[in-house]
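Here's the structure we're looking at; comments come further down.
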Amino acid sequence: MDDGPRGRFIVIEGIDGSGTTLQTRAVGDWLTARGHRVLETREPSTGAIGALARQRLSVQTAAAPLTLALLFAADRLDHIASEVTPALAAGAVVVSDRYLMSSLAYQALDCDPAWVREINRHAPLPDLTLVLDVPADVAFNRAQRRTAGGGSVAERFDALDLQRRLADHYRRLHGDPGLGPMVVVDGDRPPEAVTDALAQALLRAGL
């Protein structure tokens, strides 16, 4: 029995302060306006493992790097099984705020990158990853304003030197064939201009 076409799995990536959460919502709205059924989601997920991973990111309760990497990998597989796969099977476009690329950038700061890839090898590749490329200093200032305004809890990665290392990690991953199709977008622009660039990439991908 044909249950209809499979949906599409879209991921939005970038360092903290690059605008992934804002653009996930904007892209979701854009896709909905075009008539798509959309699931907006995120990693760490809102499931039990994701909640634990998010808790262990905070400065006060930060987990050891290996533990954190395993938590993210476990949450990713749970997220795929419980949210992403059912939505795709129903024909929805899934837009995730972060996914595999985040682990390869963040966890590889303190863990062997080959091991990080190995523990994530069962995670399916997205149909398209949209990367928001923002200078570390710009992204750090945005994240600091968000934390100072009470919008988030301080996390272990909220430091300028780490942001610079992360930005370098992300750029090394640009075009990585092990991450599937990817488009890098200049995120150091007004939000509406970034959304327009993402929309153009999605149009080119047939959405």
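Ligands are numbered from 1 in the order shown, chains are lettered A, B, ... in the order of the structure tokens, and residues start at 1 in each chain.
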Neighbour list for Gly206 (chain A) as a PyMOL selection string, cut-off 12 Å, only C-alpha atoms, skip fewer than 4 positions in-chain: chain A and resi 7-8+31+34+36+93+127-128+199-202
Can you list every residue in region 70-185 of chain A that DSSP puts in strand (DSSP E or B), as a PDB file with all heavy atoms, in the first residue's frame?
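The result, stored in states28.pdb:
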ATOM      1  N   VAL A  93       7.694  17.934   6.269  1.00  0.00           N
ATOM      2  CA  VAL A  93       9.063  18.451   6.209  1.00  0.00           C
ATOM      3  C   VAL A  93       9.503  18.689   7.653  1.00  0.00           C
ATOM      4  O   VAL A  93       8.871  19.453   8.385  1.00  0.00           O
ATOM      5  CB  VAL A  93       9.144  19.766   5.408  1.00  0.00           C
ATOM      6  CG1 VAL A  93      10.585  20.269   5.385  1.00  0.00           C
ATOM      7  CG2 VAL A  93       8.632  19.562   3.988  1.00  0.00           C
ATOM      8  N   VAL A  94      10.552  18.005   8.060  1.00  0.00           N
ATOM      9  CA  VAL A  94      11.082  18.166   9.411  1.00  0.00           C
ATOM     10  C   VAL A  94      12.220  19.181   9.360  1.00  0.00           C
ATOM     11  O   VAL A  94      13.150  19.033   8.560  1.00  0.00           O
ATOM     12  CB  VAL A  94      11.602  16.827   9.969  1.00  0.00           C
ATOM     13  CG1 VAL A  94      12.212  17.032  11.358  1.00  0.00           C
ATOM     14  CG2 VAL A  94      10.474  15.800  10.020  1.00  0.00           C
ATOM     15  N   VAL A  95      12.127  20.209  10.198  1.00  0.00           N
ATOM     16  CA  VAL A  95      13.180  21.229  10.286  1.00  0.00           C
ATOM     17  C   VAL A  95      13.762  21.162  11.694  1.00  0.00           C
ATOM     18  O   VAL A  95      13.072  21.466  12.670  1.00  0.00           O
ATOM     19  CB  VAL A  95      12.641  22.643   9.994  1.00  0.00           C
ATOM     20  CG1 VAL A  95      13.785  23.649   9.977  1.00  0.00           C
ATOM     21  CG2 VAL A  95      11.882  22.676   8.683  1.00  0.00           C
ATOM     22  N   SER A  96      15.018  20.735  11.794  1.00  0.00           N
ATOM     23  CA  SER A  96      15.643  20.550  13.105  1.00  0.00           C
ATOM     24  C   SER A  96      16.689  21.625  13.381  1.00  0.00           C
ATOM     25  O   SER A  96      17.577  21.875  12.553  1.00  0.00           O
ATOM     26  CB  SER A  96      16.299  19.169  13.192  1.00  0.00           C
ATOM     27  OG  SER A  96      16.861  18.959  14.476  1.00  0.00           O
ATOM     28  N   ASP A  97      16.561  22.246  14.539  1.00  0.00           N
ATOM     29  CA  ASP A  97      17.545  23.186  15.055  1.00  0.00           C
ATOM     30  C   ASP A  97      18.688  22.357  15.639  1.00  0.00           C
ATOM     31  O   ASP A  97      18.605  21.898  16.765  1.00  0.00           O
ATOM     32  CB  ASP A  97      16.878  24.068  16.115  1.00  0.00           C
ATOM     33  CG  ASP A  97      17.806  25.059  16.775  1.00  0.00           C
ATOM     34  OD1 ASP A  97      19.008  25.078  16.440  1.00  0.00           O
ATOM     35  OD2 ASP A  97      17.333  25.812  17.646  1.00  0.00           O
ATOM     36  N   LEU A 128      19.082  17.851   3.644  1.00  0.00           N
ATOM     37  CA  LEU A 128      19.804  19.098   3.408  1.00  0.00           C
ATOM     38  C   LEU A 128      20.168  19.723   4.747  1.00  0.00           C
ATOM     39  O   LEU A 128      19.330  19.812   5.643  1.00  0.00           O
ATOM     40  CB  LEU A 128      18.941  20.079   2.606  1.00  0.00           C
ATOM     41  CG  LEU A 128      19.557  21.445   2.289  1.00  0.00           C
ATOM     42  CD1 LEU A 128      20.792  21.292   1.400  1.00  0.00           C
ATOM     43  CD2 LEU A 128      18.529  22.361   1.634  1.00  0.00           C
ATOM     44  N   THR A 129      21.427  20.148   4.864  1.00  0.00           N
ATOM     45  CA  THR A 129      21.866  20.914   6.032  1.00  0.00           C
ATOM     46  C   THR A 129      22.149  22.343   5.592  1.00  0.00           C
ATOM     47  O   THR A 129      22.899  22.571   4.638  1.00  0.00           O
ATOM     48  CB  THR A 129      23.126  20.301   6.660  1.00  0.00           C
ATOM     49  OG1 THR A 129      22.840  18.980   7.129  1.00  0.00           O
ATOM     50  CG2 THR A 129      23.609  21.146   7.839  1.00  0.00           C
ATOM     51  N   LEU A 130      21.544  23.301   6.284  1.00  0.00           N
ATOM     52  CA  LEU A 130      21.744  24.724   6.026  1.00  0.00           C
ATOM     53  C   LEU A 130      22.603  25.282   7.160  1.00  0.00           C
ATOM     54  O   LEU A 130      22.187  25.264   8.321  1.00  0.00           O
ATOM     55  CB  LEU A 130      20.401  25.447   5.963  1.00  0.00           C
ATOM     56  CG  LEU A 130      19.429  24.941   4.886  1.00  0.00           C
ATOM     57  CD1 LEU A 130      18.047  25.535   5.101  1.00  0.00           C
ATOM     58  CD2 LEU A 130      19.950  25.284   3.500  1.00  0.00           C
ATOM     59  N   VAL A 131      23.795  25.748   6.819  1.00  0.00           N
ATOM     60  CA  VAL A 131      24.749  26.197   7.836  1.00  0.00           C
ATOM     61  C   VAL A 131      24.796  27.718   7.860  1.00  0.00           C
ATOM     62  O   VAL A 131      25.031  28.358   6.830  1.00  0.00           O
ATOM     63  CB  VAL A 131      26.160  25.646   7.557  1.00  0.00           C
ATOM     64  CG1 VAL A 131      27.109  26.020   8.695  1.00  0.00           C
ATOM     65  CG2 VAL A 131      26.127  24.140   7.369  1.00  0.00           C
ATOM     66  N   LEU A 132      24.569  28.296   9.036  1.00  0.00           N
ATOM     67  CA  LEU A 132      24.644  29.752   9.220  1.00  0.00           C
ATOM     68  C   LEU A 132      26.068  30.105   9.615  1.00  0.00           C
ATOM     69  O   LEU A 132      26.518  29.802  10.722  1.00  0.00           O
ATOM     70  CB  LEU A 132      23.664  30.201  10.294  1.00  0.00           C
ATOM     71  CG  LEU A 132      22.203  29.787  10.084  1.00  0.00           C
ATOM     72  CD1 LEU A 132      21.356  30.264  11.260  1.00  0.00           C
ATOM     73  CD2 LEU A 132      21.668  30.333   8.771  1.00  0.00           C
ATOM     74  N   ASP A 133      26.789  30.728   8.703  1.00  0.00           N
ATOM     75  CA  ASP A 133      28.183  31.084   8.935  1.00  0.00           C
ATOM     76  C   ASP A 133      28.246  32.503   9.502  1.00  0.00           C
ATOM     77  O   ASP A 133      27.938  33.479   8.804  1.00  0.00           O
ATOM     78  CB  ASP A 133      28.961  30.985   7.616  1.00  0.00           C
ATOM     79  CG  ASP A 133      30.448  31.172   7.813  1.00  0.00           C
ATOM     80  OD1 ASP A 133      30.947  30.854   8.910  1.00  0.00           O
ATOM     81  OD2 ASP A 133      31.120  31.638   6.875  1.00  0.00           O
ATOM     82  N   GLU A 155      26.019  28.024  29.457  1.00  0.00           N
ATOM     83  CA  GLU A 155      26.472  26.682  29.160  1.00  0.00           C
ATOM     84  C   GLU A 155      27.987  26.670  29.052  1.00  0.00           C
ATOM     85  O   GLU A 155      28.631  27.707  28.911  1.00  0.00           O
ATOM     86  CB  GLU A 155      25.832  26.175  27.860  1.00  0.00           C
ATOM     87  CG  GLU A 155      24.319  26.050  27.975  1.00  0.00           C
ATOM     88  CD  GLU A 155      23.675  25.601  26.670  1.00  0.00           C
ATOM     89  OE1 GLU A 155      24.388  25.534  25.646  1.00  0.00           O
ATOM     90  OE2 GLU A 155      22.469  25.316  26.692  1.00  0.00           O
ATOM     91  N   MET A 182      24.712  20.042   1.592  1.00  0.00           N
ATOM     92  CA  MET A 182      24.902  21.163   2.516  1.00  0.00           C
ATOM     93  C   MET A 182      24.960  22.475   1.744  1.00  0.00           C
ATOM     94  O   MET A 182      25.540  22.534   0.661  1.00  0.00           O
ATOM     95  CB  MET A 182      26.206  20.947   3.299  1.00  0.00           C
ATOM     96  CG  MET A 182      26.500  21.969   4.367  1.00  0.00           C
ATOM     97  SD  MET A 182      28.143  21.673   5.149  1.00  0.00           S
ATOM     98  CE  MET A 182      27.999  19.972   5.684  1.00  0.00           C
ATOM     99  N   VAL A 183      24.372  23.512   2.327  1.00  0.00           N
ATOM    100  CA  VAL A 183      24.478  24.862   1.792  1.00  0.00           C
ATOM    101  C   VAL A 183      24.911  25.773   2.934  1.00  0.00           C
ATOM    102  O   VAL A 183      24.304  25.761   4.012  1.00  0.00           O
ATOM    103  CB  VAL A 183      23.142  25.359   1.203  1.00  0.00           C
ATOM    104  CG1 VAL A 183      23.255  26.824   0.786  1.00  0.00           C
ATOM    105  CG2 VAL A 183      22.724  24.500   0.011  1.00  0.00           C
ATOM    106  N   VAL A 184      25.961  26.546   2.713  1.00  0.00           N
ATOM    107  CA  VAL A 184      26.453  27.490   3.720  1.00  0.00           C
ATOM    108  C   VAL A 184      25.931  28.878   3.371  1.00  0.00           C
ATOM    109  O   VAL A 184      26.058  29.333   2.232  1.00  0.00           O
ATOM    110  CB  VAL A 184      27.987  27.491   3.773  1.00  0.00           C
ATOM    111  CG1 VAL A 184      28.476  28.499   4.818  1.00  0.00           C
ATOM    112  CG2 VAL A 184      28.518  26.092   4.082  1.00  0.00           C
ATOM    113  N   VAL A 185      25.331  29.539   4.365  1.00  0.00           N
ATOM    114  CA  VAL A 185      24.707  30.850   4.172  1.00  0.00           C
ATOM    115  C   VAL A 185      25.370  31.868   5.096  1.00  0.00           C
ATOM    116  O   VAL A 185      25.657  31.566   6.257  1.00  0.00           O
ATOM    117  CB  VAL A 185      23.189  30.762   4.471  1.00  0.00           C
ATOM    118  CG1 VAL A 185      22.564  32.143   4.503  1.00  0.00           C
ATOM    119  CG2 VAL A 185      22.502  29.882   3.436  1.00  0.00           C
TER     120      VAL A 185
END
Selection near Leu52 (chain A), 12 Å with only C-alpha atoms, sequence-local residues under 3 positions removed, as a ChimeraX atom specification: /A:43-49,55-58,61-63,67-68,70-72,74-75
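We find CA of Gly178 (chain A) and CA of Ala53 (chain A) to be spaced 24.3 Å apart.
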Selected residue of minimal separation from Pro124 (chain A) among A:Ala26, A:Leu166, A:Leu100, A:Leu198, counting only C-alpha atoms: A:Leu100
Point-to-point distance from CA of Thr85 (chain A) to CA of Arg6 (chain A), Å rounded to tenths: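 Interatomic distance here is 9.5 Å.
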